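Please read the structure below before turning to the comments.
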Amino acid sequence: MLQLANTSIQARLEGIQAAMAMACQRADRPTMPTLIAVSKRQPLDRIEALLALGHRHFGENQVQEAQEKWPELKQRYPDIVLHLIGPLQSNKVKQAVALFDVIHTIDREKIVDALVQETKQQPLHYLMQVNIGEEEQKAGIAPQQAETLWQYAASKGLLLSGLMAIPPAGEAPGPYFALLAQSAQRLATHELSMGMSDDFESAIRFGATYIRVGTALFGERNA
Ligand SMILES: *Cc1c(COP(=O)(O)O)cnc(C)c1O
């Protein structure tokens, strides 16, 4: 974990970007992943500080919380790209589609159906969440069912562009990142949303194209 506790948002952002560049260089990767600033339960002034620095990719894990802060910010900064990285309930699909640009958490047929209904006019960018550690309490489709759901979405005209996962807490994440990358390869897709504050450098080594960083960038969240 980057030790940036008492530094400004700008210093944190620069520290993370430098660590990202280093990880890419070590992995012999020509392109940097996209850094998603995970702004859930963060005070608005920290978000504003990042916007003022030109950062535009943000992630939220709850539709309702996102609705409270982002409509106004998106009006002021039309090039914001907002990512939904938490579970999506079917009764929130309409609101989610109106606000978010990328949904990382497609994990069942019912959500595919609801999205197909809602997004005929305005297609978004979608990733499928895989429960890569097969943990009971975690969202995401079981790894063995990923291909079936992928094909189901394709058959309904919902184009998925990659996979997202959160490895089990307290274990070395590398093997899980590798598994997700293998699944993506089998599905012939290349977007990989993986890696958080503690493990984004490892995720980059395994091919992450999106990393989702909260506390290392903003500091601790509100309870
Ligand atoms: C909160 C959250 C993150 C960011 O976690 P940090 O440890 O604060 O970087 C990343 N991904 C998801 C899905 C999250 O819910």
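Ordering of the structure tokens sets the chain letters (A, B, ...); residue numbers start at 1 within each chain; ligands are numbered from 1 in the order shown.
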>> Could you list, as a PyMOL selection string, all residues that come within 12 Å of ligand 1? Count only C-alpha atoms and all ligand atoms.
In response: chain A and resi 1-2+16+35-42+58-62+83-88+103-105+129-131+138-140+164-169+193-201+210-222
>> List as number ranges by chain the protein and nucleic acid residues near A:Gln10, meaning an atom at most 8 Å away when only C-alpha atoms are counted, but skip any in the same chain fewer than 6 places from it.
In response: A: 49-50, 53
> Mind pulling up the distance from atom CA of A:Leu160 to atom CA of A:Lys94?
Replying inline: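 Those two atoms sit 18.5 Å apart.
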Neighbouring residues of A:Ala114 were defined as those with any atom within 9 Å, considering only C-alpha atoms; residues of the same chain fewer than 6 positions away were excluded. Please report them as a tab-separated table (two decimals) with N, CA, C and O atoms, in the first residue's frame.
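As a result, out.tsv now contains:
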```
chain	number	residue	atom	x	y	z
A	90	SER	N	-32.41	-4.94	-10.19
A	90	SER	CA	-33.18	-4.65	-11.42
A	90	SER	C	-34.10	-3.44	-11.26
A	90	SER	O	-34.37	-2.75	-12.23
A	91	ASN	N	-34.53	-3.15	-10.03
A	91	ASN	CA	-35.39	-1.97	-9.87
A	91	ASN	C	-34.62	-0.65	-9.91
A	91	ASN	O	-35.21	0.42	-9.83
A	93	VAL	N	-32.25	-0.21	-12.44
A	93	VAL	CA	-31.59	-0.18	-13.75
A	93	VAL	C	-31.86	1.12	-14.49
A	93	VAL	O	-30.96	1.72	-15.08
A	94	LYS	N	-33.09	1.58	-14.42
A	94	LYS	CA	-33.45	2.81	-15.14
A	94	LYS	C	-32.59	3.99	-14.65
A	94	LYS	O	-32.00	4.71	-15.45
```
>> I'd like the interatomic distance between atom CA of A:Lys92 and atom CA of A:Val112, to a tenth of an Å.
In response: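 Taking atom CA of A:Lys92 as the start and atom CA of A:Val112 as the end point, the length is 12.9 Å.
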>> List the spatial neighbours of A:Gln122 as a list in words - criterion: any atom at most 12 Å away, only C-alpha atoms, same-chain residues fewer than 3 positions off excluded.
In response: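 Counting only C-alpha atoms, the residues come to Lys94, Val97, Ala98, Leu99, Phe100, Asp101, Val102, Leu115, Val116, Gln117, Glu118, Thr119, His125 and Leu158 of chain A.
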Using only C-alpha atoms, please write the residues we just selected to a file, as an mmCIF file, in the first residue's frame.
```cif
data_model
loop_
_atom_site.group_PDB
_atom_site.id
_atom_site.type_symbol
_atom_site.label_atom_id
_atom_site.label_comp_id
_atom_site.auth_asym_id
_atom_site.auth_seq_id
_atom_site.Cartn_x
_atom_site.Cartn_y
_atom_site.Cartn_z
ATOM 1 C CA LYS A 94 -33.447 2.815 -15.138
ATOM 2 C CA VAL A 97 -28.544 3.811 -17.078
ATOM 3 C CA ALA A 98 -29.439 7.489 -16.850
ATOM 4 C CA LEU A 99 -26.357 8.289 -14.781
ATOM 5 C CA PHE A 100 -23.540 5.815 -15.414
ATOM 6 C CA ASP A 101 -21.392 5.365 -18.499
ATOM 7 C CA VAL A 102 -19.849 1.996 -17.679
ATOM 8 C CA LEU A 115 -30.532 -3.456 -19.429
ATOM 9 C CA VAL A 116 -31.556 -4.529 -22.915
ATOM 10 C CA GLN A 117 -34.975 -2.980 -22.247
ATOM 11 C CA GLU A 118 -33.521 0.268 -20.932
ATOM 12 C CA THR A 119 -30.605 0.892 -23.240
ATOM 13 C CA HIS A 125 -20.224 0.054 -21.870
ATOM 14 C CA LEU A 158 -25.939 -6.645 -25.097
#
```
> DSSP on the backbone: what in stretch 67-150 of chain A comes out helix (DSSP H, G or I), as a count of residues only?
Replying inline: 38
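Of note, atom CA of A:Gln144 and atom CA of A:Leu159 are spaced 19.8 Å apart.
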>> Residues within 12 Å of A:Arg186, please, as a PyMOL selection string. Count only C-alpha atoms; anything in the same chain fewer than 4 positions from it doesn't count.
In response: chain A and resi 143-144+146-147+150+162-163+179-182+190
>> Just checking: using only C-alpha atoms, which residue out of A:Trp70, A:Thr31, A:Ser8, A:Asp113 ends up closest to A:Gly157?
In response: A:Asp113
>> Among stretch 19-216 of chain A, which ones does DSSP assign to strand (DSSP E or B) (computed from the backbone)? Answer as a PyMOL selection string.
In response: chain A and resi 34-38+57-60+81-84+102-106+125-130+141+160-164+191-193+210-213
Selection export as a compact mmCIF listing (two decimals), in the first residue's frame, atoms kept: N, CA and C atoms:
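Below is the file result01.txt, written as the result:
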```
# COMPACT_ATOMS: atom_id res chain seq x y z
N THR A 34 -6.71 2.41 -17.25
CA THR A 34 -7.48 3.58 -16.83
C THR A 34 -7.66 3.54 -15.32
N LEU A 35 -7.32 4.66 -14.67
CA LEU A 35 -7.47 4.76 -13.22
C LEU A 35 -8.88 5.26 -12.89
N ILE A 36 -9.66 4.41 -12.24
CA ILE A 36 -10.99 4.82 -11.77
C ILE A 36 -10.85 5.26 -10.33
N ALA A 37 -11.19 6.52 -10.05
CA ALA A 37 -11.13 7.04 -8.68
C ALA A 37 -12.44 6.65 -7.99
N VAL A 38 -12.33 5.75 -7.02
CA VAL A 38 -13.53 5.23 -6.35
C VAL A 38 -13.95 6.22 -5.25
N HIS A 57 -12.38 9.89 -14.61
CA HIS A 57 -13.00 8.57 -14.39
C HIS A 57 -13.24 8.37 -12.89
N PHE A 58 -14.51 8.15 -12.53
CA PHE A 58 -14.88 7.95 -11.14
C PHE A 58 -15.75 6.71 -11.01
N GLY A 59 -15.67 6.07 -9.83
CA GLY A 59 -16.46 4.86 -9.60
C GLY A 59 -17.29 4.99 -8.33
N GLU A 60 -18.51 4.49 -8.41
CA GLU A 60 -19.41 4.47 -7.25
C GLU A 60 -19.97 3.06 -7.13
N VAL A 81 -16.56 10.34 -16.83
CA VAL A 81 -16.97 8.97 -17.13
C VAL A 81 -17.24 8.29 -15.79
N LEU A 82 -18.51 7.93 -15.58
CA LEU A 82 -18.90 7.39 -14.28
C LEU A 82 -19.10 5.87 -14.38
N HIS A 83 -18.44 5.15 -13.47
CA HIS A 83 -18.44 3.69 -13.50
C HIS A 83 -19.24 3.14 -12.32
N LEU A 84 -20.17 2.26 -12.58
CA LEU A 84 -20.85 1.55 -11.49
C LEU A 84 -20.07 0.28 -11.21
N VAL A 102 -20.38 3.35 -17.62
CA VAL A 102 -19.85 2.00 -17.68
C VAL A 102 -20.41 1.22 -16.48
N ILE A 103 -20.91 0.01 -16.73
CA ILE A 103 -21.39 -0.84 -15.64
C ILE A 103 -20.50 -2.08 -15.59
N HIS A 104 -19.85 -2.26 -14.44
CA HIS A 104 -18.86 -3.34 -14.31
C HIS A 104 -19.44 -4.61 -13.71
N THR A 105 -20.72 -4.61 -13.38
CA THR A 105 -21.23 -5.65 -12.48
C THR A 105 -22.39 -6.45 -13.06
N ILE A 106 -22.37 -6.71 -14.36
CA ILE A 106 -23.37 -7.59 -14.96
C ILE A 106 -23.09 -9.01 -14.45
N HIS A 125 -21.36 0.95 -21.78
CA HIS A 125 -20.22 0.05 -21.87
C HIS A 125 -20.38 -0.91 -20.69
N TYR A 126 -20.27 -2.23 -20.95
CA TYR A 126 -20.58 -3.19 -19.89
C TYR A 126 -19.45 -4.19 -19.66
N LEU A 127 -19.25 -4.54 -18.38
CA LEU A 127 -18.36 -5.64 -18.04
C LEU A 127 -19.12 -6.64 -17.18
N MET A 128 -18.68 -7.87 -17.20
CA MET A 128 -19.32 -8.91 -16.42
C MET A 128 -18.50 -9.17 -15.15
N GLN A 129 -19.18 -9.17 -14.02
CA GLN A 129 -18.47 -9.45 -12.76
C GLN A 129 -18.42 -10.95 -12.52
N VAL A 130 -17.22 -11.45 -12.28
CA VAL A 130 -17.02 -12.87 -12.01
C VAL A 130 -16.64 -13.03 -10.53
N ILE A 141 -20.93 -13.67 -11.22
CA ILE A 141 -21.32 -14.98 -11.74
C ILE A 141 -20.22 -15.99 -11.39
N LEU A 160 -20.85 -7.14 -24.24
CA LEU A 160 -19.98 -6.99 -23.08
C LEU A 160 -18.55 -6.78 -23.57
N SER A 161 -17.80 -5.97 -22.84
CA SER A 161 -16.45 -5.72 -23.33
C SER A 161 -15.36 -6.21 -22.40
N GLY A 162 -15.73 -6.91 -21.32
CA GLY A 162 -14.68 -7.44 -20.47
C GLY A 162 -15.19 -7.98 -19.16
N LEU A 163 -14.26 -8.26 -18.26
CA LEU A 163 -14.56 -8.90 -16.98
C LEU A 163 -14.06 -8.06 -15.81
N MET A 164 -14.77 -8.19 -14.70
CA MET A 164 -14.39 -7.50 -13.46
C MET A 164 -14.40 -8.51 -12.34
N GLU A 191 -10.94 -6.34 -21.92
CA GLU A 191 -11.02 -5.40 -20.81
C GLU A 191 -11.01 -6.17 -19.49
N LEU A 192 -10.15 -5.74 -18.57
CA LEU A 192 -10.05 -6.40 -17.27
C LEU A 192 -10.09 -5.33 -16.18
N SER A 193 -11.17 -5.34 -15.39
CA SER A 193 -11.33 -4.39 -14.29
C SER A 193 -10.93 -5.10 -13.01
N TYR A 210 -8.55 -1.59 -16.37
CA TYR A 210 -9.12 -0.62 -15.43
C TYR A 210 -8.66 -1.00 -14.04
N ILE A 211 -8.15 -0.04 -13.27
CA ILE A 211 -7.94 -0.29 -11.85
C ILE A 211 -8.88 0.64 -11.07
N ARG A 212 -9.34 0.17 -9.92
CA ARG A 212 -10.35 0.90 -9.14
C ARG A 212 -9.75 1.26 -7.79
N VAL A 213 -9.36 2.51 -7.64
CA VAL A 213 -8.61 2.90 -6.45
C VAL A 213 -9.38 3.95 -5.65
```
> For A:Leu187, which of A:Gly15, A:Thr148, A:Glu134, A:Leu44 is the closest residue, counting only C-alpha atoms?
Replying inline: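 Between A:Gly15, A:Thr148, A:Glu134, A:Leu44, the residue approaching A:Leu187 most closely is A:Thr148.
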